[in-house]
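J.: Provided below: target.cif, containing mmCIF, C-alpha atoms.
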data_query
loop_
_atom_site.group_PDB
_atom_site.id
_atom_site.type_symbol
_atom_site.label_atom_id
_atom_site.label_comp_id
_atom_site.auth_asym_id
_atom_site.auth_seq_id
_atom_site.Cartn_x
_atom_site.Cartn_y
_atom_site.Cartn_z
ATOM 1 C CA MET B 1 -75.151 -168.382 -140.097
ATOM 2 C CA GLU B 2 -71.461 -168.878 -139.443
ATOM 3 C CA LEU B 3 -69.141 -171.627 -140.639
ATOM 4 C CA GLN B 4 -66.934 -173.825 -138.504
ATOM 5 C CA ILE B 5 -64.112 -175.895 -140.023
ATOM 6 C CA SER B 6 -62.578 -178.711 -138.025
ATOM 7 C CA ASP B 7 -60.744 -181.820 -139.270
ATOM 8 C CA GLY B 8 -61.601 -180.859 -142.848
ATOM 9 C CA ILE B 9 -65.342 -180.845 -142.142
ATOM 10 C CA VAL B 10 -67.282 -177.642 -142.789
ATOM 11 C CA ARG B 11 -70.529 -177.175 -140.911
ATOM 12 C CA GLY B 12 -72.931 -174.312 -140.438
ATOM 13 C CA VAL B 13 -73.247 -172.910 -136.936
ATOM 14 C CA PRO B 14 -76.590 -171.330 -135.995
ATOM 15 C CA GLY B 15 -76.448 -168.063 -134.049
ATOM 16 C CA ALA B 16 -77.272 -169.667 -130.689
ATOM 17 C CA GLU B 17 -74.338 -172.096 -130.977
ATOM 18 C CA ALA B 18 -71.786 -169.616 -132.378
ATOM 19 C CA PRO B 19 -68.567 -169.116 -130.410
ATOM 20 C CA MET B 20 -68.416 -166.053 -128.159
ATOM 21 C CA THR B 21 -64.652 -165.516 -128.175
ATOM 22 C CA GLU B 22 -63.122 -162.057 -128.481
ATOM 23 C CA LEU B 23 -62.134 -162.718 -132.107
ATOM 24 C CA ALA B 24 -65.607 -163.988 -133.016
ATOM 25 C CA ILE B 25 -67.238 -160.885 -131.541
ATOM 26 C CA ARG B 26 -64.760 -158.621 -133.376
ATOM 27 C CA ALA B 27 -65.442 -160.468 -136.663
ATOM 28 C CA ARG B 28 -69.211 -160.062 -136.230
ATOM 29 C CA THR B 29 -68.807 -156.354 -135.456
ATOM 30 C CA ILE B 30 -66.702 -155.741 -138.572
ATOM 31 C CA ALA B 31 -69.053 -157.832 -140.749
ATOM 32 C CA ASN B 32 -72.030 -155.744 -139.580
ATOM 33 C CA LEU B 33 -70.220 -152.559 -140.628
ATOM 34 C CA LEU B 34 -69.406 -153.722 -144.177
ATOM 35 C CA PRO B 35 -71.254 -151.959 -147.013
ATOM 36 C CA LEU B 36 -74.003 -153.611 -149.054
ATOM 37 C CA LEU B 37 -71.581 -154.336 -151.903
ATOM 38 C CA CYS B 38 -69.704 -156.724 -149.592
ATOM 39 C CA ALA B 39 -72.879 -158.234 -148.170
ATOM 40 C CA ARG B 40 -73.946 -159.220 -151.691
ATOM 41 C CA ALA B 41 -70.684 -161.171 -152.042
ATOM 42 C CA GLY B 42 -71.887 -163.728 -149.504
ATOM 43 C CA VAL B 43 -70.078 -162.671 -146.338
ATOM 44 C CA ARG B 44 -69.660 -165.406 -143.715
ATOM 45 C CA ILE B 45 -67.846 -165.557 -140.386
ATOM 46 C CA VAL B 46 -65.446 -168.521 -140.393
ATOM 47 C CA HIS B 47 -63.937 -170.288 -137.389
ATOM 48 C CA ASN B 48 -61.202 -172.477 -138.898
ATOM 49 C CA ALA B 49 -59.664 -174.803 -136.293
ATOM 50 C CA ASP B 50 -57.538 -176.558 -138.933
ATOM 51 C CA ARG B 51 -55.668 -173.385 -139.909
ATOM 52 C CA ASN B 52 -56.133 -171.643 -136.541
ATOM 53 C CA TYR B 53 -57.943 -168.436 -137.515
ATOM 54 C CA THR B 54 -61.240 -166.640 -137.156
ATOM 55 C CA GLY B 55 -62.153 -164.399 -140.029
ATOM 56 C CA ILE B 56 -64.622 -163.028 -142.524
ATOM 57 C CA ARG B 57 -65.002 -164.897 -145.830
ATOM 58 C CA PHE B 58 -66.095 -163.135 -149.022
ATOM 59 C CA GLU B 59 -67.330 -165.376 -151.840
ATOM 60 C CA THR B 60 -66.149 -163.270 -154.772
ATOM 61 C CA LYS B 61 -67.128 -164.202 -158.315
ATOM 62 C CA ALA B 62 -63.882 -162.884 -159.798
ATOM 63 C CA VAL B 63 -61.302 -164.979 -157.909
ATOM 64 C CA GLY B 64 -63.094 -167.237 -155.451
ATOM 65 C CA PRO B 65 -62.936 -166.951 -151.669
ATOM 66 C CA VAL B 66 -61.114 -164.040 -150.037
ATOM 67 C CA ILE B 67 -60.648 -164.130 -146.255
ATOM 68 C CA LEU B 68 -60.044 -161.283 -143.822
ATOM 69 C CA GLU B 69 -58.064 -163.106 -141.138
ATOM 70 C CA MET B 70 -58.415 -161.639 -137.656
ATOM 71 C CA PRO B 71 -55.143 -160.998 -135.818
ATOM 72 C CA ARG B 72 -53.987 -162.683 -132.652
ATOM 73 C CA ASP B 73 -51.455 -161.239 -130.198
ATOM 74 C CA GLY B 74 -50.536 -158.055 -132.050
ATOM 75 C CA GLU B 75 -50.354 -159.613 -135.504
ATOM 76 C CA PRO B 76 -51.711 -157.542 -138.423
ATOM 77 C CA TYR B 77 -54.996 -158.130 -140.244
ATOM 78 C CA ARG B 78 -54.492 -160.127 -143.436
ATOM 79 C CA LEU B 79 -56.586 -160.305 -146.610
ATOM 80 C CA VAL B 80 -55.899 -163.696 -148.174
ATOM 81 C CA GLN B 81 -57.158 -165.252 -151.387
ATOM 82 C CA GLU B 82 -57.672 -169.003 -150.939
ATOM 83 C CA PHE B 83 -57.228 -171.319 -153.905
ATOM 84 C CA ILE B 84 -59.516 -174.273 -154.487
ATOM 85 C CA ASP B 85 -56.587 -176.345 -155.781
ATOM 86 C CA PRO B 86 -52.867 -175.722 -155.181
ATOM 87 C CA ASP B 87 -51.100 -173.599 -157.798
ATOM 88 C CA ASN B 88 -47.935 -174.670 -159.659
ATOM 89 C CA THR B 89 -45.749 -174.009 -156.599
ATOM 90 C CA GLY B 90 -48.077 -175.848 -154.198
ATOM 91 C CA ARG B 91 -49.457 -172.743 -152.485
ATOM 92 C CA MET B 92 -53.034 -172.840 -151.216
ATOM 93 C CA GLU B 93 -53.306 -169.079 -150.618
ATOM 94 C CA VAL B 94 -51.806 -165.743 -151.520
ATOM 95 C CA GLU B 95 -51.707 -162.731 -149.229
ATOM 96 C CA LEU B 96 -53.316 -159.712 -150.896
ATOM 97 C CA ARG B 97 -52.963 -157.052 -148.199
ATOM 98 C CA ARG B 98 -51.806 -156.647 -144.620
ATOM 99 C CA PHE B 99 -52.582 -153.791 -142.238
ATOM 100 C CA PRO B 100 -51.919 -153.178 -138.526
ATOM 101 C CA GLN B 101 -54.349 -153.528 -135.629
ATOM 102 C CA ILE B 102 -54.473 -149.774 -134.992
ATOM 103 C CA TYR B 103 -57.871 -149.401 -136.687
ATOM 104 C CA LYS B 104 -61.275 -149.620 -135.033
ATOM 105 C CA PRO B 105 -63.927 -151.921 -136.571
ATOM 106 C CA HIS B 106 -65.288 -149.112 -138.797
ATOM 107 C CA GLY B 107 -61.806 -148.556 -140.232
ATOM 108 C CA VAL B 108 -61.160 -152.253 -140.808
ATOM 109 C CA ALA B 109 -64.508 -152.618 -142.595
ATOM 110 C CA HIS B 110 -63.773 -149.561 -144.756
ATOM 111 C CA ILE B 111 -60.208 -150.635 -145.664
ATOM 112 C CA THR B 112 -61.368 -154.143 -146.534
ATOM 113 C CA ALA B 113 -64.347 -153.038 -148.616
ATOM 114 C CA GLU B 114 -62.357 -150.409 -150.516
ATOM 115 C CA PHE B 115 -59.519 -152.816 -151.267
ATOM 116 C CA LEU B 116 -61.888 -155.476 -152.587
ATOM 117 C CA ARG B 117 -63.918 -152.960 -154.620
ATOM 118 C CA SER B 118 -60.980 -151.033 -156.093
ATOM 119 C CA ASN B 119 -59.124 -154.183 -157.132
ATOM 120 C CA GLY B 120 -62.124 -155.707 -158.924
ATOM 121 C CA PHE B 121 -62.923 -158.500 -156.457
ATOM 122 C CA LEU B 122 -66.463 -157.189 -155.927
ATOM 123 C CA LYS B 123 -68.821 -156.087 -158.703
#
Could you render the structure as structure tokens?
T.:
Amino acid sequence: MELQISDGIVRGVPGAEAPMTELAIRARTIANLLPLLCARAGVRIVHNADRNYTGIRFETKAVGPVILEMPRDGEPYRLVQEFIDPDNTGRMEVELRRFPQIYKPHGVAHITAEFLRSNGFLK
């Protein structure tokens, strides 16, 4: 099941109703190539209309949700940690890593999984 966020409302989207955009297909491809360690972290595809991204959400136990945001128009991939509440400076997220679009889905899955594993986000 995928998640769709619009106007602050989060709802589950069954497979038959899931968007078939280029970004959604790329996110599903990368998610299917992630190792079991990532799958155990509760991987979900997220279509966030409020913040204008499609990505892969990892529900980590160490720091909360981490999102792999899919690039648009030549922008790089971004791994972002989302905060439940704003921090002292009012930020709602912090960028953990950024890498260019030169990688195929296997490479993106590998880079993401290794970053999360080696930095203690996944156990």
J.: Since I can't run it myself right now, could you work out what the PyMOL selection byres ((chain B and resi 46-49) around 6) selects here and report it as a ChimeraX atom specification?
T.: /B:3-6,45,50-56
J.: Show which residues sit within 9 Å of Thr112 (chain B), as a short mmCIF file (atom, residue, chain, number, x, y, z; two decimals) with C-alpha atoms, in the frame of the given file. Count all atoms listed in the file, and ignore same-chain residues fewer than 5 positions away.
T.:
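Saved to around_24.cif:
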data_model
loop_
_atom_site.label_atom_id
_atom_site.label_comp_id
_atom_site.auth_asym_id
_atom_site.auth_seq_id
_atom_site.Cartn_x
_atom_site.Cartn_y
_atom_site.Cartn_z
CA LEU B 34 -69.41 -153.72 -144.18
CA LEU B 68 -60.04 -161.28 -143.82
CA LEU B 79 -56.59 -160.30 -146.61
CA GLY B 107 -61.81 -148.56 -140.23
CA ARG B 117 -63.92 -152.96 -154.62
#
J.: Step by step, work through what the PyMOL selection byres ((chain B and resi 62) around 10) selects in the shown file, and finish by giving those residues as a PDB file with C-alpha atoms, in the coordinates of the input.
T.:
ATOM      1  CA  GLU B  59     -67.330-165.376-151.840  1.00  0.00           C
ATOM      2  CA  THR B  60     -66.149-163.270-154.772  1.00  0.00           C
ATOM      3  CA  LYS B  61     -67.128-164.202-158.315  1.00  0.00           C
ATOM      4  CA  VAL B  63     -61.302-164.979-157.909  1.00  0.00           C
ATOM      5  CA  GLY B  64     -63.094-167.237-155.451  1.00  0.00           C
ATOM      6  CA  PRO B  65     -62.936-166.951-151.669  1.00  0.00           C
ATOM      7  CA  GLY B 120     -62.124-155.707-158.924  1.00  0.00           C
ATOM      8  CA  PHE B 121     -62.923-158.500-156.457  1.00  0.00           C
ATOM      9  CA  LEU B 122     -66.463-157.189-155.927  1.00  0.00           C
ATOM     10  CA  LYS B 123     -68.821-156.087-158.703  1.00  0.00           C
TER      11      LYS B 123
END
J.: List the spatial neighbours of Ala18 (chain B) as a list in words - criterion: any atom at most 9 Å away, only C-alpha atoms, same-chain residues fewer than 4 positions off excluded.
T.: Met1, Glu2, Leu3, Gln4, Val13, Pro14 and Ala24 of chain B
J.: Figure out the distance between CA of Arg97 (chain B) and CA of Phe115 (chain B), please, to one decimal in Å.
T.: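 If I compute the distance from CA of Phe115 (chain B) to CA of Arg97 (chain B), I get 8.4 Å.
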J.: Between B:Arg57, B:Arg40, B:Arg78, B:Arg11, which residue has the minimum interatomic distance to Arg28 (chain B), considering only C-alpha atoms?
T.: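 Residue with the minimum atom-to-atom distance to Arg28 (chain B): B:Arg57.
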J.: For a test of reading the model, state the distance in Å between CA of Gln81 (chain B) and CA of Glu93 (chain B), rounded to one decimal.
T.: 5.5 Å
J.: I'd like the interatomic distance between CA of Glu114 (chain B) and CA of Arg72 (chain B), to a tenth of an Å.
T.: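 Separation between CA of Glu114 (chain B) and CA of Arg72 (chain B): 23.2 Å.
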J.: Report the residues retrieved by the PyMOL selection byres ((chain B and resi 26) around 12) from the displayed file, expressed as a count of residues only.
T.: 31
